[in-house]
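Participant: After the structure tokens below, expect a handful of questions from me.
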Number of protein chains: 4
Amino acid sequence: MSAYRILIDANDQKGIVHNVSSIFYKYDLNILSNNEFVDKDNNKFFMRSVVDGDVNLEDLKKEIVDILPKDSSVEVIEPKKKNIILMVTKEMHALGDILIRHEAGELEANILAVVSNYDKLESLVSKFEIPFTTISHENLDRDEHEAKIIECIKSYDDVDYIVLAKYMRILTPTFVETFEDKIINIHHSFLPAFIGANPYKQAYERGVKIIGATAHFVNNNLDEGPIIAQEVKHIDHAYSWKDMQRSGKDVEKVVLSRALKLALEDRIFVYANKTVIF
Amino acid sequence: MSAYRILIDANDQKGIVHNVSSIFYKYDLNILSNNEFVDKDNNKFFMRSVVDGDVNLEDLKKEIVDILPKDSSVEVIEPKKKNIILMVTKEMHALGDILIRHEAGELEANILAVVSNYDKLESLVSKFEIPFTTISHENLDRDEHEAKIIECIKSYDDVDYIVLAKYMRILTPTFVETFEDKIINIHHSFLPAFIGANPYKQAYERGVKIIGATAHFVNNNLDEGPIIAQEVKHIDHAYSWKDMQRSGKDVEKVVLSRALKLALEDRIFVYANKTVIF
Amino acid sequence: MSAYRILIDANDQKGIVHNVSSIFYKYDLNILSNNEFVDKDNNKFFMRSVVDGDVNLEDLKKEIVDILPKDSSVEVIEPKKKNIILMVTKEMHALGDILIRHEAGELEANILAVVSNYDKLESLVSKFEIPFTTISHENLDRDEHEAKIIECIKSYDDVDYIVLAKYMRILTPTFVETFEDKIINIHHSFLPAFIGANPYKQAYERGVKIIGATAHFVNNNLDEGPIIAQEVKHIDHAYSWKDMQRSGKDVEKVVLSRALKLALEDRIFVYANKTVIF
Amino acid sequence: MSAYRILIDANDQKGIVHNVSSIFYKYDLNILSNNEFVDKDNNKFFMRSVVDGDVNLEDLKKEIVDILPKDSSVEVIEPKKKNIILMVTKEMHALGDILIRHEAGELEANILAVVSNYDKLESLVSKFEIPFTTISHENLDRDEHEAKIIECIKSYDDVDYIVLAKYMRILTPTFVETFEDKIINIHHSFLPAFIGANPYKQAYERGVKIIGATAHFVNNNLDEGPIIAQEVKHIDHAYSWKDMQRSGKDVEKVVLSRALKLALEDRIFVYANKTVIF
């Protein structure tokens with residue numbers, strides 16, 4: 001007897017819940033938790049159920065697919081550790097938070113490797129016996145540099161997510177398409193405010209009273225991918241932009257770890273450049 | 001075609017969702033939103049569905065009751081304004097917030113009357129053409145005083161909720177039993193901290209860095225009824241206890257209005273001295 | 001013996017605190033509270049002291065001015081109710097919150113009048129015996145309309161602040177200059193995100209997980225004046241943009257009232273399109 | 001030219017600011033930041049100034065002491081890394097957060113050692129080349145066990161703070177007195193709610209909608225020492241007490257690190273079992 005996660009993303013129509021729950025009932029599955037959401041404007045239906053029972057997953061999935069409208073997406077997932085690769089540049093806070101959570105067994109994840117364009121964080125990562133690969137961008141154009149990173153990532157099997165834990169270079173469309181819907185980024189801003197470089201300096205100059213951070217999937221429009229999680233922190237006039245940056249790190253690491261946890265637990269649906277999170 | 005709210009509180013057993021959704025399907029009801037929660041420890045199942053369709057509510061309810069375990073509770077509700085009575089003493093902030101929301105049409109409620117042990121707030125209430133009754137506690141023992149209030153409340157038909165918007169007297173078990181599960185109170189503290197009188201002074205003396213407020217149903221144990229909503233606010237050493245009290249008012253009114261809104265929208269289940277809120 | 005507020009905005013130089021506190025000492029003034037801030041980047045010094053004692057305010061001010069660098073600004077204020085005029089359109093929540101606070105005696109303010117381009121809120125305002133003037137914009141060009149509003153406002157003496165409590169029209173540079181540094185606005189967005197019209201719809205489409213509101217002084221660049229206060233609220237995918245708008249009202253009214261309170265207590269300095277708040 | 005921190009804790013009297021700032025002026029010190037607070041009820045004056053200049057610290061301190069009322073406390077501090085010892089039991093989150101901040105250079109601290117009653121966290125700590133000492137409490141009474149810990153701590157010179165990063169045993173008065181005002185604890189509750197053991201289970205049973213954590217100095221009354229920082233997190237009915245515990249860890253580590261940072265930067269005054277924090 002195991003617990004399984006069933007994720008359904010379908011065009012809405014009457015009877016979906018009835019039909020799906022009939023299948024659960026037929027297979028004698030016990031519903032541990034169940035979340036549904038209907039987006040009326042877009043006529044979309046989302047459902048995440050956790051069930052336990054004794055069932056052939058392929059059969060279960062096939063039956064669910066059969067009773068859903070065409071073009072529906074169904075996933076039947078047996079929870080296990082997902083494989084992730086971290087990409088970093090020089091800052092330690094977001095990486096460190098993930099490493100400690102990993103070490104504490106808080107994450108349903110294996111960290112396969114950490115990839116960086118600098119070697120600065122190698123000594124930290126190596127403490128945890130996780131492979132660290134430095135791929136310098138020096139003397140390489142953007143495509144050449146990314147080709148090397150892609151090669152490195154592809155040398156690992158079954159990579160579920162690539163986590164940009166303060167990787168400070170912009171990715172090309174090629175990179176993004178190669179790992180579509182798999183790249184999670186932390187943006188050091190309360191998006192869509194202060195898109196782009198040095199948001200803390202922008203925020204300082206604007207005199208805001210709150211700073212924030214945003215975790216999102218990466219798509220081809222810089223900083224415009226589907227938002228997973230956001231958090232903010234009150235500040236005041238006494239914060240220089242360096243204070244804001246320093247203070248912002250605490251928000252960044254919290255938000256990135258929260259988003260990663262949601263992804264690892266299969267709680268995120270993406271559509272219309274937005275997320276549904278159960 | 002109308003929207004109805006269906007609330008189910010049952011002992012959990014396999015097939016509940018299937019059986020209920022079968023009934024929805026049979027009556028050709030469209031599920032607008034659906035929330036479920038299973039408390040494994042207590043083997044309890046809770047469900048709140050909003051459906052639209054054309055159906056006889058009595059028939060629908062009967063069918064649902066029939067497929068549920070005994071001792072289940074089912075409500076099929078046609079949304080309409082609920083009748084509420086406010087009880088106050090001398091403070092204006094919580095009352096004022098409800099009056100303005102009522103005036104703005106934000107609340108699914110008719111305010112039948114405001115009852116107070118002082119006349120101080122009569123001028124405010126009368127601006128809104130809502131009956132205000134002063135029932136002084138002077139020269140009356142507690143039972144006599146409450147008997148008068150109960151008589152006043154009972155002179156109104158179909159009172160759904162009694163909202164204690166800073167009513168500063170302790171209610172007797174008789175009063176509470178008379179209006180069981182119908183009394184919503186705002187406690188000027190982050191319960192269970194600082195139970196009882198003058199919590200701000202207690203909080204000041206303890207040197208806390210956060211103050212809060214709690215909205216809860218009233219039961220016979222003072223300040224120990226099921227919690228509906230809580231909110232907090234950061235403070236610092238510069239707050240005197242009067243500052244804390246002043247500042248706490250903003251938290252109190254927000255929390256009470258939030259709890260009242262949840263109640264009016266039939267989003268609250270109560271069990272085991274706790275609430276499930278959808 | 002009275003309490004006075006002393007506000008100093010000066011170019012920083014060594015000895016300011018010493019020189020100012022010498023004057024306080026000489027006049028035998030008791031310092032009740034004292035806040036200082038030095039902006040090193042801009043070499044600016046800000047100070048707000050509350051003192052009590054028996055002193056001629058003109059003399060005190062003159063002595064302080066004399067020991068400060070040229071181009072310093074000094075205010076010596078005897079706390080009293082400030083005169084404010086509210087401008088609104090059709091929404092009740094921000095206006096209502098201010099009216100109730102005013103009625104409860106929470107604000108150091110006299111509300112001289114409420115001015116609107118619609119008559120919708122007249123019935124609410126008249127309950128509180130505050131003059132309400134409808135100045136419709138129909139059949140008037142923007143300058144003509146504003147000329148009438150300016151005339152109306154100028155018919156009142158000593159207006160300290162004009163509070164835009166959801167006044168939904170853009171003000172011209174002429175209007176803004178006429179009441180420079182006196183206009184406080186609530187913007188229904190976490191600025192600088194979603195500048196302009198219908199920010200909730202923009203936020204919905206962007207799929208944000210937090211919404212917010214910003215109170216700011218109005219200058220000639222729409223939505224770009226100095227920020228006084230900001231607040232946010234977590235939301236999720238289940239919020240339609242109308243839900244966001246509804247829910248955002250609670251944030252808006254809280255932020256506007258907080259900003260107004262800061263202004264009434266002379267706690268705000270403006271410089272470099274930012275605010276220092278003590 | 002260096003920056004110094006001057007901390008003054010005195011009975012309030014007229015002229016303190018004047019007299020202190022006169023000394024700063026005389027020594028040609030530049031005031032980088034300045035915070036003052038007067039507690040009128042207790043007639044106490046607190047001041048924290050950061051100044052830069054070229055001065056003999058002993059002379060400066062002596063002059064300040066001379067102009068203050070008797071029984072005042074004055075500290076003149078040249079900022080440098082403080083020496084801290086961490087005490088832990090088995091949980092990794094709070095310890096891990098401090099280790100990463102230390103590694104990242106975020107803390108003004110040297111971690112001299114980690115002491116634990118179990119060896120579980122030794123492998124994590126040894127990665128960072130920090131001494132780890134296991135002092136098991138097995139077969140020892142409380143006094144014997146603590147005597148060993150005290151001996152261990154005293155083997156290090158100049159220990160500024162002892163940080164209980166989820167050390168799960170109650171300390172005796174002897175221990176607390178030995179390191180008076182030096183012990184910082186994280187309590188896994190929003191004190192004073194849920195004092196004592198298993199607060200998450202208590203919170204679950206009470207059905208609270210917010211959980212929290214409190215960092216405080218330890219005194220002889222368990223969980224009743226002066227509060228430094230508090231933070232909370234909203235939860236709902238779907239949280240089991242284990243979920244609350246898991247989720248609470250994020251609050252705990254944030255609050256403890258914040259409190260530690262405040263201590264390391266000499267921002268905390270303690271009096272009347274409360275803290276003043278600049």
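In the structure tokens, chains take the letters A, B, ... in the order shown, each chain's residues start at 1, and ligands count up from 1 in the order shown.
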What are the nearest atom pairs, with distances in Å to one decimal, for all residues of chain B that come at most 8 Å from chain C, using only C-alpha atoms, set out by chain and rising residue number as a Markdown table?

Facilitator:
| residue | atom | partner | partner_atom | distance |
| --- | --- | --- | --- | --- |
| B:Met92 | CA | C:Ala104 | CA | 6.1 |
| B:His93 | CA | C:Ile100 | CA | 7.2 |
| B:Gly96 | CA | C:Ile100 | CA | 5.9 |
| B:Asp97 | CA | C:Asp97 | CA | 7.0 |
| B:Ile100 | CA | C:Gly96 | CA | 5.9 |
| B:Arg101 | CA | C:His93 | CA | 7.3 |
| B:Ala104 | CA | C:Met92 | CA | 6.1 |
| B:Lys127 | CA | C:Lys127 | CA | 5.5 |
| B:Phe128 | CA | C:Lys127 | CA | 7.6 |

Participant: List the spatial neighbours of A:Arg5 as a PyMOL selection string - criterion: any atom at most 7 Å away, only C-alpha atoms, same-chain residues fewer than 6 positions off excluded.

Facilitator: chain A and resi 48-51+76-78

Participant: Taking the chain letters and numbering used in this document, name the residues of stretch 47-268 of chain A that DSSP puts in strand (DSSP E), as a ChimeraX atom specification.

Facilitator: /A:47-53,73-77,82-88,109-116,132-134,161-164,183-187,210-217,227-234,268

Participant: Please run DSSP on the backbone and report, as JSON, numbers by chain, all residues within stretch 4-223 of chain A that come out as helix (DSSP H, G or I).

Facilitator: {"A": [16, 17, 18, 19, 20, 21, 22, 23, 24, 25, 26, 57, 58, 59, 60, 61, 62, 63, 64, 65, 66, 67, 93, 94, 95, 96, 97, 98, 99, 100, 101, 102, 103, 122, 123, 124, 125, 126, 127, 142, 143, 144, 145, 146, 147, 148, 149, 150, 151, 152, 153, 154, 173, 174, 175, 176, 177, 178, 199, 200, 201, 202, 203, 204, 205, 206]}

Participant: Need the shell around stretch 225-231 of chain C: protein/DNA/RNA residues with any atom at most 7 Å away, counting only C-alpha atoms. Skip same-chain ones fewer than 5 positions apart. Format as a PyMOL selection string?

Facilitator: (chain A and resi 207-210) or (chain C and resi 190+212-219+251+255+259+273-275)

Participant: Could you dump the residues just selected with C-alpha atoms as a PDB file, in the first residue's frame?

Facilitator:
ATOM      1  CA  GLY A 207      12.355  54.976  -1.940  1.00  0.00           C
ATOM      2  CA  VAL A 208      10.154  51.911  -1.460  1.00  0.00           C
ATOM      3  CA  LYS A 209       9.130  50.822   2.024  1.00  0.00           C
ATOM      4  CA  ILE A 210       8.978  47.114   1.171  1.00  0.00           C
TER       5      ILE A 210
ATOM      6  CA  PHE C 190       2.507  47.826  -4.809  1.00  0.00           C
ATOM      7  CA  GLY C 212      -0.316  45.634  -2.310  1.00  0.00           C
ATOM      8  CA  ALA C 213      -1.086  49.286  -1.978  1.00  0.00           C
ATOM      9  CA  THR C 214       1.053  52.398  -1.744  1.00  0.00           C
ATOM     10  CA  ALA C 215       0.383  55.765  -0.120  1.00  0.00           C
ATOM     11  CA  HIS C 216       2.479  58.564  -1.547  1.00  0.00           C
ATOM     12  CA  PHE C 217       2.700  62.278  -2.008  1.00  0.00           C
ATOM     13  CA  VAL C 218       1.594  63.351  -5.465  1.00  0.00           C
ATOM     14  CA  ASN C 219       3.993  65.031  -7.797  1.00  0.00           C
ATOM     15  CA  VAL C 251      -4.911  46.970   2.211  1.00  0.00           C
ATOM     16  CA  VAL C 255      -2.116  52.102   4.155  1.00  0.00           C
ATOM     17  CA  ALA C 259       0.160  57.538   5.896  1.00  0.00           C
ATOM     18  CA  ASN C 273      11.685  61.979  -4.133  1.00  0.00           C
ATOM     19  CA  LYS C 274      11.843  59.813  -1.009  1.00  0.00           C
ATOM     20  CA  THR C 275      10.601  60.083   2.553  1.00  0.00           C
TER      21      THR C 275
END

Participant: Tell me, as JSON, numbers by chain, which residues lie within 9 Å of D:Leu29, counting only C-alpha atoms; anything in the same chain fewer than 4 positions away does not count.

Facilitator: {"C": [14, 15], "D": [23, 24, 25, 51, 52, 53, 54, 55]}
